[in-house]
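Structure record follows, encoded as structure tokens.
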Amino acid sequence: MNRRPPHSDYLTIGLSITAISLLAMAEEPVKLILVTGGVMSGVGKGIVSSSLGVVLKAYGYRVTAIKIDPYLNFDAGTLSPFEHGEVFVLDDGGEVDLDLGNYERFLGIRLTRDNNITTGKINRQIYEREKEGKYTGQTVGIVPHLTDSIIEWVERVSMVSVDGTGKAPHVCIVELGGTIGDIEGMLYTKAFSAAFQRKSYRNRFLTVHVTKLLHENGIRSLRETGLIPDVLMCRSQKPITAALRAKIAAFAQLEPTEIFDVYDCPSVYNVPLLLHEQNVFELLRTQLQLPVLQQNDQTLDFFSKWGAISEFFEKSQEEVRIALVGKYVKTDRGKVFTDAYASVVKALQHAAVCASRKVNIRFISSELLEMVENGGNSTSEYERAWEELRKCHGILVPGGFGNRGTEGKIEACKYARENNIPFLGICLGLQCAAIEFARNVCGIDGANSTEFAKNLSDKQQVN
């Protein structure tokens, strides 16, 4: 007589079946590309990572991506937009770094919260395993427990299908956030340098280092961690000469063909084409021993379509000025801070392509649109902000939290309504439009949200 297995056996069987099915999905182990950055943040690792994925996709490979954020926060949900840019929300509700939005848009994939690794998540996993007795009385340490957990996480997530085919990816691009040498990132460089020197990772692992031109310290710092760069991406304002490329190669102990020039382009969509022109695929295929998957004519067709999109941004088109009235518009040395609204900006750019227009987004701080009082905005700042708003053909008011700058958003909504200006309100922006309508059209004095004002009557509440 067959005996029914206990619940724990069912769990073991279920986990085993899951593991077997994941292994079956991958005809061979997923290739891994680690992208690191030099001595300063914001060097362009996210765009380089996405662009490498585009090149691989053009040749028929299934590509996934993982972003590592070394902070102790569990996720990006509570981080200030001023410090970290927008919080990108995935299909499964995961609140993650904005780079995952770039991956999804560039590669046409759908990621999950597990595609974003943080030190907070790794620590929680370690604590839970220790409480469950998984370490059988061992003294839990950075090495091997945390470092092994990182590698296990990368290996597990790299095998998950993200393109709707149900098939495991061929290549996983892992972007390590921050800069090499940061104390927060040392845990991850230790994990990768220890694991990927094993024979089992031979021809499976590649390190791509992105650095500002002639910043040798970044390369030196990377080598000190035990990671040796296989490819160097040099960020520069203008194309570099062959002589300079040879000089960089000699310093980095690489071949000139392993040095790539990523100079400033009119649009980020030019970067995949720029890398392809420098034969980055041949290098990736050789070093990772990738099989040939499709014919050249299919690849040429892909790049032809991609080139048409990137070329659009360079051509002069009829300009449309859109005012983005936000709370998180920060000027740093005269430069507008736009990362807090990255997805909105991309959506406007994509809409402009469809409409055959060139969009000129004017970022306006909603606080500057509020009345000058109590020693707040200067009269000149107030007038300049309103002058900028009046020059625009359309107004977009995005989301936000808290009372600061809300009245300025409401004033922008009022101006759009009274002057018949095309308007889009998102989240708080639409709520501000409803508040403005209640006050000035419905005649409800004091209408507001309970988030911003207390002791409102039922009639005054717009939530």
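Every chain in the structure tokens has a letter given in the order shown (A, B, ...), and although residue numbers restart at 1 in each chain, ligands are simply numbered from 1 in the order shown.
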Those in stretch 46-79 of chain A with strand (DSSP E or B) from DSSP, as a VMD selection string: chain A and resid 63 to 69
Writing out the chosen residues with C-alpha atoms as a PDB file, in the first residue's frame:
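Wrote it out as part-v8.pdb, contents follow:
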```pdb
ATOM      1  CA  VAL A  63      18.863  38.630 -22.221  1.00  0.00           C
ATOM      2  CA  THR A  64      17.963  39.378 -18.614  1.00  0.00           C
ATOM      3  CA  ALA A  65      19.393  41.890 -16.150  1.00  0.00           C
ATOM      4  CA  ILE A  66      20.058  42.250 -12.428  1.00  0.00           C
ATOM      5  CA  LYS A  67      20.789  45.527 -10.632  1.00  0.00           C
ATOM      6  CA  ILE A  68      22.731  45.427  -7.358  1.00  0.00           C
ATOM      7  CA  ASP A  69      22.236  48.377  -5.001  1.00  0.00           C
TER       8      ASP A  69
END
```
If we count only C-alpha atoms, what is near A:Val292 at a cut-off of 12 Å, once residues fewer than 5 positions away on the same chain are taken out, given as a ChimeraX atom specification? /A:56,58-61,170,281-282,284-286,299
Take the residues that were just selected and, keeping C-alpha atoms, output them as a PDB file, in the first residue's frame.
```
ATOM      1  CA  LEU A  56      23.047  40.707 -27.818  1.00  0.00           C
ATOM      2  CA  ALA A  58      19.958  41.886 -32.046  1.00  0.00           C
ATOM      3  CA  TYR A  59      21.875  38.646 -32.593  1.00  0.00           C
ATOM      4  CA  GLY A  60      19.013  36.525 -31.275  1.00  0.00           C
ATOM      5  CA  TYR A  61      20.046  36.004 -27.644  1.00  0.00           C
ATOM      6  CA  HIS A 170      21.280  33.039 -22.653  1.00  0.00           C
ATOM      7  CA  PHE A 281      29.495  41.618 -30.228  1.00  0.00           C
ATOM      8  CA  GLU A 282      32.504  39.823 -31.697  1.00  0.00           C
ATOM      9  CA  LEU A 284      31.429  39.145 -26.300  1.00  0.00           C
ATOM     10  CA  ARG A 285      30.852  36.129 -28.542  1.00  0.00           C
ATOM     11  CA  THR A 286      34.518  35.134 -28.444  1.00  0.00           C
ATOM     12  CA  THR A 299      20.559  41.367 -37.219  1.00  0.00           C
TER      13      THR A 299
END
```
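Taking only C-alpha atoms, the non-local environment of stretch 85-98 of chain A within 7 Å (same-chain residues fewer than 6 positions away omitted) comprises Asp75, Ala76, Gly77, Leu111, Thr112, Arg113, Asn116, Asp339, Ala340, Tyr341 and Ala342 of chain A.
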Residue set, stretch 201-447 of chain A restricted to alpha helix (DSSP H), as a PyMOL selection string: chain A and resi 216-224+242-252+271-277+280-288+296-314+342-354+379-390+406-418+428-440
Store the residues of this selection in a file with C-alpha atoms, as a CSV table (one decimal), in the first residue's frame.
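Written out: result.csv:
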```
chain,number,residue,atom,x,y,z
A,216,GLU,CA,43.3,55.2,-13.9
A,217,ASN,CA,42.4,55.0,-10.3
A,218,GLY,CA,39.1,53.2,-11.0
A,219,ILE,CA,41.0,50.4,-12.9
A,220,ARG,CA,43.5,50.2,-10.1
A,221,SER,CA,40.8,50.0,-7.5
A,222,LEU,CA,39.0,47.2,-9.4
A,223,ARG,CA,42.1,45.1,-9.6
A,224,GLU,CA,42.7,45.5,-5.9
A,242,ALA,CA,43.8,55.3,-32.0
A,243,ALA,CA,47.0,56.5,-30.2
A,244,LEU,CA,45.0,57.3,-27.1
A,245,ARG,CA,43.2,53.9,-27.3
A,246,ALA,CA,46.5,52.1,-27.5
A,247,LYS,CA,47.8,54.1,-24.5
A,248,ILE,CA,44.7,53.2,-22.4
A,249,ALA,CA,45.0,49.5,-23.4
A,250,ALA,CA,48.7,49.4,-22.3
A,251,PHE,CA,47.8,50.9,-18.9
A,252,ALA,CA,44.8,48.6,-18.4
A,271,VAL,CA,24.9,53.9,-27.6
A,272,PRO,CA,24.0,50.4,-28.8
A,273,LEU,CA,24.8,51.5,-32.4
A,274,LEU,CA,28.1,53.0,-31.2
A,275,LEU,CA,29.1,49.8,-29.5
A,276,HIS,CA,28.1,47.7,-32.4
A,277,GLU,CA,30.2,49.8,-34.8
A,280,VAL,CA,31.5,44.7,-29.3
A,281,PHE,CA,29.5,41.6,-30.2
A,282,GLU,CA,32.5,39.8,-31.7
A,283,LEU,CA,34.3,40.4,-28.4
A,284,LEU,CA,31.4,39.1,-26.3
A,285,ARG,CA,30.9,36.1,-28.5
A,286,THR,CA,34.5,35.1,-28.4
A,287,GLN,CA,35.1,35.6,-24.7
A,288,LEU,CA,31.9,34.0,-23.6
A,296,ASN,CA,23.1,38.4,-40.4
A,297,ASP,CA,20.2,39.8,-42.4
A,298,GLN,CA,18.0,39.5,-39.3
A,299,THR,CA,20.6,41.4,-37.2
A,300,LEU,CA,21.0,44.0,-39.9
A,301,ASP,CA,17.2,44.5,-40.0
A,302,PHE,CA,17.1,44.9,-36.2
A,303,PHE,CA,19.8,47.6,-36.2
A,304,SER,CA,18.2,49.3,-39.2
A,305,LYS,CA,15.0,49.8,-37.2
A,306,TRP,CA,16.9,50.8,-34.1
A,307,GLY,CA,19.0,53.3,-36.1
A,308,ALA,CA,15.8,54.9,-37.5
A,309,ILE,CA,14.6,55.5,-33.9
A,310,SER,CA,17.9,57.0,-32.8
A,311,GLU,CA,18.2,59.1,-36.0
A,312,PHE,CA,14.8,60.7,-35.2
A,313,PHE,CA,16.3,62.4,-32.1
A,314,GLU,CA,19.0,64.0,-34.2
A,342,ALA,CA,12.8,59.4,-15.6
A,343,SER,CA,9.9,57.3,-16.7
A,344,VAL,CA,7.7,60.3,-17.4
A,345,VAL,CA,10.5,61.9,-19.5
A,346,LYS,CA,10.9,58.6,-21.5
A,347,ALA,CA,7.2,58.4,-22.0
A,348,LEU,CA,7.1,61.9,-23.4
A,349,GLN,CA,10.0,61.2,-25.7
A,350,HIS,CA,8.4,58.0,-27.0
A,351,ALA,CA,5.1,59.9,-27.6
A,352,ALA,CA,7.0,62.5,-29.5
A,353,VAL,CA,8.5,59.8,-31.8
A,354,CYS,CA,5.0,58.5,-32.5
A,379,THR,CA,9.6,88.0,-6.9
A,380,SER,CA,12.0,87.4,-9.7
A,381,GLU,CA,12.0,83.5,-9.2
A,382,TYR,CA,8.2,83.6,-9.1
A,383,GLU,CA,7.9,85.7,-12.3
A,384,ARG,CA,10.5,83.6,-14.2
A,385,ALA,CA,8.7,80.4,-13.3
A,386,TRP,CA,5.3,81.7,-14.6
A,387,GLU,CA,6.9,83.1,-17.7
A,388,GLU,CA,8.4,79.7,-18.5
A,389,LEU,CA,5.0,78.0,-17.9
A,390,ARG,CA,3.2,80.4,-20.2
A,406,THR,CA,1.1,71.3,-3.7
A,407,GLU,CA,-0.4,74.8,-4.1
A,408,GLY,CA,1.9,75.5,-7.0
A,409,LYS,CA,0.7,72.4,-8.7
A,410,ILE,CA,-2.9,73.5,-8.1
A,411,GLU,CA,-2.1,76.9,-9.7
A,412,ALA,CA,-0.7,75.1,-12.8
A,413,CYS,CA,-3.8,73.1,-13.1
A,414,LYS,CA,-5.9,76.2,-12.9
A,415,TYR,CA,-3.9,77.9,-15.6
A,416,ALA,CA,-4.3,74.9,-17.9
A,417,ARG,CA,-8.0,74.8,-17.4
A,418,GLU,CA,-8.6,78.5,-17.8
A,428,LEU,CA,-1.1,63.6,-7.1
A,429,GLY,CA,-1.2,65.7,-10.3
A,430,LEU,CA,-4.7,64.6,-11.1
A,431,GLN,CA,-5.8,65.0,-7.5
A,432,CYS,CA,-4.6,68.6,-7.6
A,433,ALA,CA,-6.7,69.1,-10.8
A,434,ALA,CA,-9.7,67.8,-8.9
A,435,ILE,CA,-9.0,70.1,-5.9
A,436,GLU,CA,-8.7,73.1,-8.3
A,437,PHE,CA,-12.0,72.2,-10.0
A,438,ALA,CA,-13.8,71.8,-6.7
A,439,ARG,CA,-12.5,75.2,-5.4
A,440,ASN,CA,-12.9,77.3,-8.5
```
In Å, with one decimal, what is the gap from atom CA of A:Ile183 to atom CA of A:Tyr71?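 Atom-to-atom, atom CA of A:Ile183 and atom CA of A:Tyr71 are spaced 10.3 Å apart.
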Residue neighbourhood A:Ile364, 7 Å, only C-alpha atoms, exclusion window fewer than 5 positions, as an NGL selection string: :A and (323-326 or 329 or 385)
Just the number, please: distance in Å from atom CA of A:Ile322 to atom CA of A:Tyr269, one decimal.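 Computing the Euclidean distance for atom CA of A:Ile322 and atom CA of A:Tyr269 yields 21.4 Å.
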Spatial neighbours of A:Tyr328, max dist 12 Å, only C-alpha atoms, sep filter under 4 positions, as a PyMOL selection string: chain A and resi 80-86+324+336-342+363-368+397-402+404-406
Excluding same-chain residues fewer than 4 positions from A:Arg62, what lies within 12 Å of it counting only C-alpha atoms, as a ChimeraX atom specification? /A:26,30-31,53-58,107-109,158-173,290,293
Output the selection as an mmCIF file, in the first residue's frame - C-alpha atoms for each residue.
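Saved result, part00.cif, follows:
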```cif
data_model
loop_
_atom_site.group_PDB
_atom_site.id
_atom_site.type_symbol
_atom_site.label_atom_id
_atom_site.label_comp_id
_atom_site.auth_asym_id
_atom_site.auth_seq_id
_atom_site.Cartn_x
_atom_site.Cartn_y
_atom_site.Cartn_z
ATOM 1 C CA ALA A 26 18.653 26.316 -19.618
ATOM 2 C CA VAL A 30 23.609 31.321 -18.351
ATOM 3 C CA LYS A 31 26.529 33.564 -19.306
ATOM 4 C CA GLY A 53 21.746 43.803 -23.900
ATOM 5 C CA VAL A 54 20.379 45.418 -27.064
ATOM 6 C CA VAL A 55 23.400 44.274 -29.098
ATOM 7 C CA LEU A 56 23.047 40.707 -27.818
ATOM 8 C CA LYS A 57 19.294 40.749 -28.472
ATOM 9 C CA ALA A 58 19.958 41.886 -32.046
ATOM 10 C CA LEU A 107 15.211 45.140 -23.946
ATOM 11 C CA GLY A 108 11.427 44.686 -24.038
ATOM 12 C CA ILE A 109 11.424 42.460 -20.944
ATOM 13 C CA SER A 158 19.541 34.706 -14.082
ATOM 14 C CA MET A 159 17.674 31.535 -15.134
ATOM 15 C CA VAL A 160 14.178 33.036 -14.920
ATOM 16 C CA SER A 161 12.452 33.835 -18.221
ATOM 17 C CA VAL A 162 11.666 37.549 -18.603
ATOM 18 C CA ASP A 163 10.597 37.816 -22.259
ATOM 19 C CA GLY A 164 7.370 35.806 -22.220
ATOM 20 C CA THR A 165 8.839 32.803 -24.055
ATOM 21 C CA GLY A 166 9.163 30.654 -20.939
ATOM 22 C CA LYS A 167 12.758 29.924 -21.922
ATOM 23 C CA ALA A 168 15.781 30.701 -19.767
ATOM 24 C CA PRO A 169 17.974 33.605 -20.904
ATOM 25 C CA HIS A 170 21.280 33.039 -22.653
ATOM 26 C CA VAL A 171 22.983 36.015 -20.986
ATOM 27 C CA CYS A 172 22.447 37.886 -17.717
ATOM 28 C CA ILE A 173 23.880 41.384 -17.319
ATOM 29 C CA LEU A 290 28.372 32.201 -27.519
ATOM 30 C CA LEU A 293 21.795 31.854 -33.280
#
```
Distance of atom CA of A:Arg362 from atom CA of A:Ser236, expressed in Å to one decimal place: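 Here the two named atoms are 26.6 Å from each other.
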Which is closest to A:Cys392 among A:Arg321, A:Lys454, A:Asn420, A:Lys327, if we use only C-alpha atoms?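 The shortest atom-to-atom distance to A:Cys392 comes from A:Arg321.
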With only C-alpha atoms as the basis for distance, which of A:Val441, A:Ser49, A:Ala453, A:Ile361 is at the shortest distance from A:Glu104?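 Distance minimum relative to A:Glu104 lands on A:Ser49.
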